[in-house]
Every structure is written in structure tokens, then in C-alpha cells.
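Peer 1: Sharing target-v8.tsv (TSV, C-alpha atoms and all ligand atoms) below.
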chain	number	residue	atom	x	y	z
L	1	MET	CA	39.62	104.29	-20.49
L	2	THR	CA	36.79	102.00	-21.51
L	3	ALA	CA	33.12	102.47	-22.26
L	4	ASP	CA	32.42	101.06	-18.80
L	5	SER	CA	34.20	104.01	-17.23
L	6	GLY	CA	32.11	106.53	-19.15
L	7	THR	CA	34.01	107.22	-22.36
L	8	ALA	CA	31.84	107.32	-25.46
L	9	THR	CA	32.79	104.83	-28.16
L	10	ALA	CA	31.83	104.35	-31.78
L	11	LEU	CA	29.42	101.59	-30.72
L	12	ASP	CA	27.44	103.53	-28.12
L	13	GLY	CA	24.97	104.87	-30.68
L	14	LEU	CA	24.30	101.37	-31.96
L	15	LEU	CA	23.72	100.03	-28.44
L	16	THR	CA	21.30	102.87	-27.71
L	17	ASP	CA	19.47	102.28	-30.97
L	18	LEU	CA	19.19	98.55	-30.22
L	19	ALA	CA	17.87	99.26	-26.72
L	20	THR	CA	15.28	101.74	-27.96
L	21	GLY	CA	14.23	99.73	-31.02
L	22	ARG	CA	15.49	102.28	-33.54
L	23	VAL	CA	17.58	99.37	-34.83
L	24	GLU	CA	15.84	95.99	-34.93
L	25	ILE	CA	17.58	92.61	-35.10
L	26	VAL	CA	15.89	90.38	-37.71
L	27	ASP	CA	16.76	86.69	-37.72
L	28	LEU	CA	17.28	85.48	-41.30
L	29	THR	CA	17.99	81.88	-40.18
L	30	ASN	CA	15.80	78.82	-40.66
L	31	ARG	CA	15.55	76.86	-37.40
L	32	LEU	CA	17.70	73.73	-37.49
L	33	SER	CA	16.23	70.28	-36.79
L	34	SER	CA	16.03	66.84	-38.36
L	35	ALA	CA	13.03	68.16	-40.33
L	36	THR	CA	14.91	71.05	-41.97
L	37	PRO	CA	14.70	70.63	-45.77
L	38	THR	CA	18.06	69.77	-47.34
L	39	LEU	CA	19.42	69.38	-50.85
L	40	GLU	CA	18.75	66.01	-52.49
L	41	LEU	CA	21.18	65.30	-55.32
L	42	PRO	CA	20.00	62.76	-57.90
L	43	ALA	CA	21.83	59.44	-58.38
L	44	PRO	CA	24.69	58.71	-58.85
L	45	PHE	CA	25.75	61.64	-56.62
L	46	ALA	CA	26.12	61.14	-52.87
L	47	ASN	CA	24.16	63.24	-50.39
L	48	LEU	CA	25.09	64.69	-47.01
L	49	ILE	CA	23.36	63.50	-43.86
L	50	ASP	CA	20.56	65.60	-42.41
L	51	PHE	CA	20.94	67.34	-39.08
L	52	SER	CA	20.18	65.29	-35.96
L	53	LEU	CA	20.70	65.38	-32.20
L	54	GLU	CA	21.90	62.30	-30.32
L	55	THR	CA	21.25	62.61	-26.62
L	56	VAL	CA	24.20	61.42	-24.50
L	57	SER	CA	22.75	62.16	-21.09
L	58	GLU	CA	19.54	63.71	-19.83
L	59	TYR	CA	19.90	64.26	-16.07
L	60	ASP	CA	20.26	60.49	-15.74
L	61	GLU	CA	22.93	57.85	-15.10
L	62	PRO	CA	25.36	58.92	-17.88
L	63	GLY	CA	25.14	62.50	-16.60
L	64	PRO	CA	22.96	62.95	-13.53
L	65	PHE	CA	23.18	66.72	-13.33
L	66	TRP	CA	23.21	67.66	-16.99
L	67	LYS	CA	21.78	67.13	-20.46
L	68	HIS	CA	23.98	67.17	-23.55
L	69	ALA	CA	23.99	65.72	-27.04
L	70	ASN	CA	26.14	65.01	-30.05
L	71	ILE	CA	25.18	66.80	-33.24
L	72	HIS	CA	25.33	64.96	-36.55
L	73	THR	CA	25.14	67.09	-39.66
L	74	GLY	CA	26.43	67.71	-43.12
L	75	GLU	CA	28.18	71.02	-43.68
L	76	HIS	CA	25.58	72.30	-46.16
L	77	ILE	CA	22.44	71.88	-44.06
L	78	GLY	CA	19.76	74.46	-43.37
L	79	THR	CA	20.75	78.12	-43.50
L	80	HIS	CA	24.44	77.79	-44.31
L	81	ILE	CA	27.37	79.43	-46.03
L	82	ASP	CA	29.30	78.05	-49.00
L	83	ALA	CA	33.04	78.73	-48.76
L	84	PRO	CA	35.16	79.02	-51.93
L	85	ILE	CA	36.73	75.55	-51.51
L	86	HIS	CA	33.23	74.07	-51.82
L	87	TRP	CA	33.57	74.28	-55.59
L	88	VAL	CA	36.26	73.05	-57.95
L	89	SER	CA	36.66	76.62	-59.27
L	90	GLY	CA	37.65	77.81	-55.75
L	91	ARG	CA	39.60	74.78	-54.58
L	92	ASP	CA	42.77	76.80	-53.83
L	93	SER	CA	40.93	79.59	-51.99
L	94	HIS	CA	39.47	80.01	-48.46
L	95	ASP	CA	37.95	77.28	-46.35
L	96	VAL	CA	35.07	78.32	-44.08
L	97	ALA	CA	37.41	78.92	-41.12
L	98	ASP	CA	39.54	81.38	-43.09
L	99	ILE	CA	36.89	83.61	-44.64
L	100	PRO	CA	38.04	87.13	-43.72
L	101	LEU	CA	35.72	88.46	-41.00
L	102	PRO	CA	35.06	91.83	-42.72
L	103	ARG	CA	33.40	89.87	-45.53
L	104	LEU	CA	30.88	88.41	-43.06
L	105	ILE	CA	29.49	91.74	-41.83
L	106	GLY	CA	28.40	94.38	-44.30
L	107	PRO	CA	25.63	96.23	-46.11
L	108	ALA	CA	22.83	94.16	-47.60
L	109	VAL	CA	20.40	94.90	-50.41
L	110	VAL	CA	17.26	92.94	-51.26
L	111	LEU	CA	16.33	92.18	-54.86
L	112	ASP	CA	12.68	91.13	-54.76
L	113	PHE	CA	11.67	88.82	-57.59
L	114	SER	CA	9.03	86.91	-55.62
L	115	ALA	CA	6.29	87.78	-58.14
L	116	GLU	CA	8.36	86.40	-61.02
L	117	ALA	CA	9.20	83.24	-59.03
L	118	ALA	CA	5.54	82.74	-58.11
L	119	ALA	CA	4.62	82.88	-61.80
L	120	ASP	CA	7.50	80.61	-62.87
L	121	PRO	CA	9.32	78.39	-60.33
L	122	ASP	CA	12.18	78.02	-62.83
L	123	PHE	CA	12.65	81.81	-63.04
L	124	LEU	CA	16.27	82.85	-63.62
L	125	LEU	CA	17.63	86.26	-62.67
L	126	GLU	CA	19.33	87.94	-65.65
L	127	VAL	CA	21.88	90.76	-65.87
L	128	GLU	CA	19.22	93.09	-67.23
L	129	HIS	CA	17.04	92.45	-64.14
L	130	VAL	CA	19.89	93.53	-61.86
L	131	ARG	CA	20.69	96.51	-64.10
L	132	ALA	CA	17.06	97.63	-63.94
L	133	TRP	CA	17.11	97.21	-60.15
L	134	GLU	CA	20.25	99.37	-59.96
L	135	GLU	CA	18.57	102.06	-62.07
L	136	GLU	CA	15.83	102.29	-59.45
L	137	HIS	CA	17.71	101.61	-56.21
L	138	GLY	CA	21.36	102.45	-56.83
L	139	PRO	CA	24.46	100.30	-57.27
L	140	LEU	CA	25.06	96.94	-55.60
L	141	PRO	CA	26.95	97.57	-52.34
L	142	ALA	CA	30.75	97.29	-52.45
L	143	ALA	CA	31.87	94.47	-50.11
L	144	GLY	CA	28.20	93.87	-49.33
L	145	TRP	CA	25.63	91.17	-49.78
L	146	VAL	CA	22.99	90.76	-52.46
L	147	LEU	CA	19.95	89.00	-51.02
L	148	TYR	CA	17.70	87.46	-53.66
L	149	ARG	CA	14.10	87.35	-52.50
L	150	THR	CA	11.91	84.81	-54.28
L	151	GLY	CA	9.23	84.11	-51.67
L	152	TRP	CA	10.61	80.59	-51.32
L	153	ASP	CA	10.99	80.94	-47.55
L	154	ARG	CA	7.25	80.33	-47.24
L	155	PHE	CA	8.00	76.66	-48.02
L	156	ALA	CA	10.96	76.36	-45.63
L	157	GLN	CA	9.20	73.94	-43.26
L	158	ASP	CA	7.76	71.81	-46.07
L	159	ARG	CA	10.45	69.67	-47.71
L	160	GLU	CA	8.31	68.64	-50.69
L	161	ARG	CA	7.26	72.13	-51.70
L	162	PHE	CA	10.65	73.62	-50.84
L	163	LEU	CA	12.46	71.25	-53.26
L	164	ASN	CA	9.54	71.19	-55.75
L	165	ALA	CA	10.89	68.16	-57.63
L	166	ASP	CA	9.35	66.04	-60.36
L	167	ALA	CA	10.72	63.50	-62.84
L	168	ALA	CA	12.49	66.34	-64.68
L	169	GLY	CA	14.28	67.53	-61.55
L	170	SER	CA	13.87	70.33	-59.02
L	171	HIS	CA	12.05	73.52	-59.94
L	172	THR	CA	13.22	76.42	-57.79
L	173	PRO	CA	14.28	79.91	-58.91
L	174	GLY	CA	17.88	80.91	-59.46
L	175	VAL	CA	20.29	82.88	-61.60
L	176	SER	CA	21.31	82.53	-65.25
L	177	ALA	CA	24.88	81.58	-66.14
L	178	ALA	CA	25.51	85.01	-67.69
L	179	CYS	CA	24.19	86.80	-64.60
L	180	ALA	CA	26.23	84.57	-62.27
L	181	GLU	CA	29.40	85.43	-64.18
L	182	TRP	CA	28.49	89.12	-64.13
L	183	LEU	CA	27.80	89.11	-60.35
L	184	ALA	CA	31.16	87.43	-59.74
L	185	GLY	CA	32.81	90.37	-61.49
L	186	THR	CA	31.23	92.97	-59.20
L	187	GLY	CA	32.59	94.11	-55.82
L	188	ILE	CA	30.03	92.25	-53.71
L	189	ALA	CA	31.09	89.91	-50.88
L	190	GLY	CA	28.34	87.38	-51.34
L	191	PHE	CA	24.95	86.32	-52.58
L	192	GLY	CA	22.13	85.04	-50.38
L	193	VAL	CA	19.02	83.10	-51.39
L	194	GLU	CA	15.84	81.69	-49.82
L	195	THR	CA	16.09	78.37	-51.67
L	196	VAL	CA	17.97	75.19	-50.66
L	197	GLY	CA	21.02	76.11	-52.76
L	198	ILE	CA	22.47	79.25	-54.33
L	199	ASP	CA	21.79	77.86	-57.80
L	200	ALA	CA	18.43	77.19	-59.42
L	201	GLY	CA	16.89	73.76	-58.92
L	202	ASN	CA	17.52	72.93	-62.59
L	203	ALA	CA	20.99	74.54	-62.76
L	204	GLY	CA	22.70	71.25	-63.56
L	205	VAL	CA	21.68	71.73	-67.19
L	206	LEU	CA	23.18	75.23	-67.45
L	207	GLU	CA	26.66	75.93	-68.83
L	208	PRO	CA	28.73	75.70	-66.73
L	209	PRO	CA	26.56	73.49	-64.51
L	210	PHE	CA	25.60	75.29	-61.27
L	211	PRO	CA	26.98	78.62	-62.53
L	212	VAL	CA	26.46	80.63	-59.31
L	213	HIS	CA	28.61	78.13	-57.41
L	214	TYR	CA	31.14	78.04	-60.24
L	215	HIS	CA	31.56	81.78	-60.70
L	216	LEU	CA	31.17	83.02	-57.10
L	217	MET	CA	33.34	80.35	-55.44
L	218	GLY	CA	35.89	80.91	-58.20
L	219	SER	CA	35.99	84.64	-57.40
L	220	ASP	CA	36.40	84.33	-53.61
L	221	LYS	CA	32.77	85.25	-53.04
L	222	TYR	CA	30.38	83.40	-50.77
L	223	GLY	CA	26.84	82.09	-50.84
L	224	ILE	CA	24.22	81.68	-48.14
L	225	THR	CA	21.08	79.62	-48.54
L	226	SER	CA	17.68	79.05	-46.94
L	227	LEU	CA	17.32	82.62	-45.72
L	228	GLN	CA	14.10	83.71	-44.01
L	229	ASN	CA	12.36	87.03	-43.39
L	230	LEU	CA	13.87	88.97	-46.30
L	231	SER	CA	10.40	90.57	-46.53
L	232	ARG	CA	11.21	92.37	-43.27
L	233	LEU	CA	14.31	94.07	-44.71
L	234	PRO	CA	14.43	97.37	-46.58
L	235	VAL	CA	15.57	97.34	-50.19
L	236	ARG	CA	18.80	98.87	-48.91
L	237	GLY	CA	19.98	100.11	-45.51
L	238	ALA	CA	20.26	96.86	-43.53
L	239	VAL	CA	23.50	95.40	-42.22
L	240	ILE	CA	23.97	91.63	-42.39
L	241	ILE	CA	25.95	89.51	-39.92
L	242	VAL	CA	26.85	86.00	-41.12
L	243	ALA	CA	28.25	83.71	-38.41
L	244	PRO	CA	29.38	80.26	-39.58
L	245	LEU	CA	31.37	77.85	-37.42
L	246	PRO	CA	35.13	78.07	-38.11
L	247	ILE	CA	35.42	74.42	-39.23
L	248	VAL	CA	39.05	73.86	-40.23
L	249	GLY	CA	39.08	72.59	-43.79
L	250	GLY	CA	35.31	73.00	-43.96
L	251	THR	CA	33.63	73.75	-47.29
L	252	GLY	CA	30.68	75.37	-45.55
L	253	SER	CA	28.85	75.52	-42.26
L	254	PRO	CA	25.40	76.04	-40.87
L	255	ALA	CA	25.32	79.72	-39.96
L	256	ARG	CA	23.30	82.09	-37.84
L	257	VAL	CA	22.47	84.99	-40.13
L	258	LEU	CA	21.14	88.22	-38.60
L	259	ALA	CA	20.25	91.61	-40.03
L	260	LEU	CA	20.33	94.98	-38.30
L	261	VAL	CA	17.46	97.06	-39.64
L	262	PRO	CA	16.80	100.75	-38.97
L	263	ARG	CA	13.21	101.49	-37.89
L	264	GLY	CA	11.59	104.89	-38.20
L	265	SER	CA	13.26	107.90	-36.59
N	1	MN	MN	26.09	74.74	-49.79
Go through the file and emit its structure as C-alpha cells.
Peer 2:
Amino acid sequence: MTADSGTATALDGLLTDLATGRVEIVDLTNRLSSATPTLELPAPFANLIDFSLETVSEYDEPGPFWKHANIHTGEHIGTHIDAPIHWVSGRDSHDVADIPLPRLIGPAVVLDFSAEAAADPDFLLEVEHVRAWEEEHGPLPAAGWVLYRTGWDRFAQDRERFLNADAAGSHTPGVSAACAEWLAGTGIAGFGVETVGIDAGNAGVLEPPFPVHYHLMGSDKYGITSLQNLSRLPVRGAVIIVAPLPIVGGTGSPARVLALVPRGS
């Protein structure tokens, strides 16, 4: 028997709630185009290419009845996931194609430090901040995602303000080395941010450099960047769905990231 023949399944309630709006789908993904802000590493490091579309036919001689295009893109462009092999500390772990699917769907909590980030673009989340959040809102979700709200998504269509760079480097909020190591020791599946990378703009000077990458990738945990609309999520109670391409050997992939959010009663 199947649901089509009238048997109730565990998903029927969800489908009803989606149809009636009791559960809303919120898109956490930045739209992907050649204008999407991307990480700019300083010399001598090499950068990925930006996203672009190359039209192959457009209802014309190379394809009279159809339009299609090649996509050109780095792996770590726009809203994307970092797989463990992205970092030297996770080099023997999962590529993006082999991330276990249960890790990509789970409970999500939102830690809102947008006021702190507005006051100081170099703000770093510390262990005591997360501990204080847990005192108020309960423990971080086992096998779930911690979403770090900084208000940075308001700059997501403005490359200059999004990267906020000067001669001393990029100034965007992040996580301290101690907090990154502590988060890697918890039971979470991953850590999502609104900024261009999961580490702070100035994290190259921390020890180890880029500690969120170092500790999370080294603990088989994942990062997602350039999230949008975290302001539309409850502090806890949402379910996140992270859908990267299964690129064999890939260190990351642009991803569609959605949240299921309960609304009212
Ligand atoms: Mn990345």
C-alpha cells in the first residue's frame, strides 16, 4: 500500500502543514550570478573563478528549439558547503559527494549576534557567548546546525560592503579559535554563517589560522556560508535542508539551503 492508495504515512502531516502554511519554506540561499560576492584571497594565494553562464544555444542555429548554457564556477561560490577535505585537517575525511545525508537535514538554531557585529565588524564569537545563549535557549541541537546571525546578509548583493576590506585585510565577524575548537567538540553537524566564509575576515592572523575551518573540517563537521533570511527563523524549532551537488572529489559545492519553519497554530 502507498500513500496514493489512501494509507497514512509519517509524511502526511508535513504535507498538510506545508499546504496550509502551518509550515513555511524559507529560502536561506543567496541567488547565484556573476555578481554574487566571492572570497578574495590576498596574494600570493590563488582565487577561484566567479560563477558565470556561457550560452551555447538560444533557440538559434546551434540549437533551434532550445536554450542551454555551460556553467563556470569555483566550488566555494555563493551560498555553499565546505566538506571536510576542503581543509588540511580533514584531508582524509569526506568529500562533498560522500557527506552522509542525515547530516544535511536536521534541527537548526539561530544565534543572533547582529548587534555585536554592527558595533564591531571584527566581532568574534566566544565560548562564553554560546554558553550564555544555551542558558537562555537550551543546548545546541545534537546532529543539528548552528546558524550564526550577524546581519551580514544585508550586504549580500554588494561585494565591497560584504567583504569590507581595507589595507589591513577583510573585516567581517567570525569565531575565536577557542570557540571554534569548542564547537568542534560538540555533537553538532555543522555551522552556518551569513558572511563569505565560515571564518572571520581577519582569521588568517588567529592560531591556528582560519580556526573554524581547521577545527570543524578536522572533526567531520561542515560549514555553510552566505546564508540569507536567518531573521525569519525562530531561535529554535526550524529544520534545515542543505542540498549540495554530489561532486566526486569535490571540496565543496554551491548549495540550495532551505528551512522548514512552523508558523502559528
Ligand atoms: Mn568554502
Peer 1: Counting all atoms listed in the file, which residue out of L:Tyr148, L:Trp182, L:Tyr222, L:Trp87 sits closest to L:Pro244?
Peer 2: L:Tyr222
Peer 1: Could I get the residue neighbourhood of ligand MN 1 (chain N) at 10 Å, counting all atoms listed in the file, as a list in words?
Peer 2: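 Checked against 10 Å with all atoms listed in the file; the hits are Thr38, Leu39, Gly74, Glu75, His76, Ile77, Gly78, Thr79, His80, Ile81, Asp82, Ala83, His86, Trp87, Val196, Gly197, Ile198, Asp199, His213, Tyr222, Gly223, Ile224, Thr225, Ser226, Thr251, Gly252, Ser253 and Pro254 of chain L.
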Peer 1: Do you have, as CSV, the list of residues of stretch 128-182 of chain L lying at most 12 Å from stretch 41-54 of chain L, each with its nearest atom pair and that distance in Å to one decimal, counting only C-alpha atoms and ordered by chain then number?
Peer 2:
residue,atom,partner,partner_atom,distance
L:Leu163,CA,L:Leu41,CA,10.8
L:Ala165,CA,L:Pro42,CA,10.6
L:Asp166,CA,L:Pro42,CA,11.4
L:Ala167,CA,L:Pro42,CA,10.5
L:Ala168,CA,L:Pro42,CA,10.7
L:Gly169,CA,L:Pro42,CA,8.3
L:Ser170,CA,L:Leu41,CA,9.6
Peer 1: Which is closer to L:Thr29 than all the others in L:Ala255, L:Gly201, L:Pro262, L:Ile85, using all atoms listed in the file?
Peer 2: L:Ala255
Peer 1: Please build the interface table for stretch 168-199 of chain L against stretch 229-240 of chain L with a cut-off of 12 Å, listing for each qualifying residue the nearest atom pair and the distance in Å to one decimal; count only C-alpha atoms, order rows by chain and increasing number, and write it as JSON lines.
Peer 2:
{"residue": "L:Ala189", "atom": "CA", "partner": "L:Ile240", "partner_atom": "CA", "distance": 11.2}
{"residue": "L:Gly190", "atom": "CA", "partner": "L:Ile240", "partner_atom": "CA", "distance": 10.8}
{"residue": "L:Phe191", "atom": "CA", "partner": "L:Ile240", "partner_atom": "CA", "distance": 11.5}
{"residue": "L:Gly192", "atom": "CA", "partner": "L:Leu230", "partner_atom": "CA", "distance": 10.0}
{"residue": "L:Val193", "atom": "CA", "partner": "L:Leu230", "partner_atom": "CA", "distance": 9.3}
{"residue": "L:Glu194", "atom": "CA", "partner": "L:Leu230", "partner_atom": "CA", "distance": 8.3}
Peer 1: To one decimal in Å, tell me the separation between atom CA of L:Leu28 and atom CA of L:Gly151.
Peer 2: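 A separation of 13.2 Å between them.
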Peer 1: Need the shell around stretch 121-127 of chain L: protein/DNA/RNA residues with any atom at most 12 Å away, counting only C-alpha atoms. Skip same-chain ones fewer than 3 positions apart. Format as number ranges by chain?
Peer 2: L: 111-118, 130-134, 148-152, 161-165, 168-186, 193, 195, 198-203, 206, 211-212
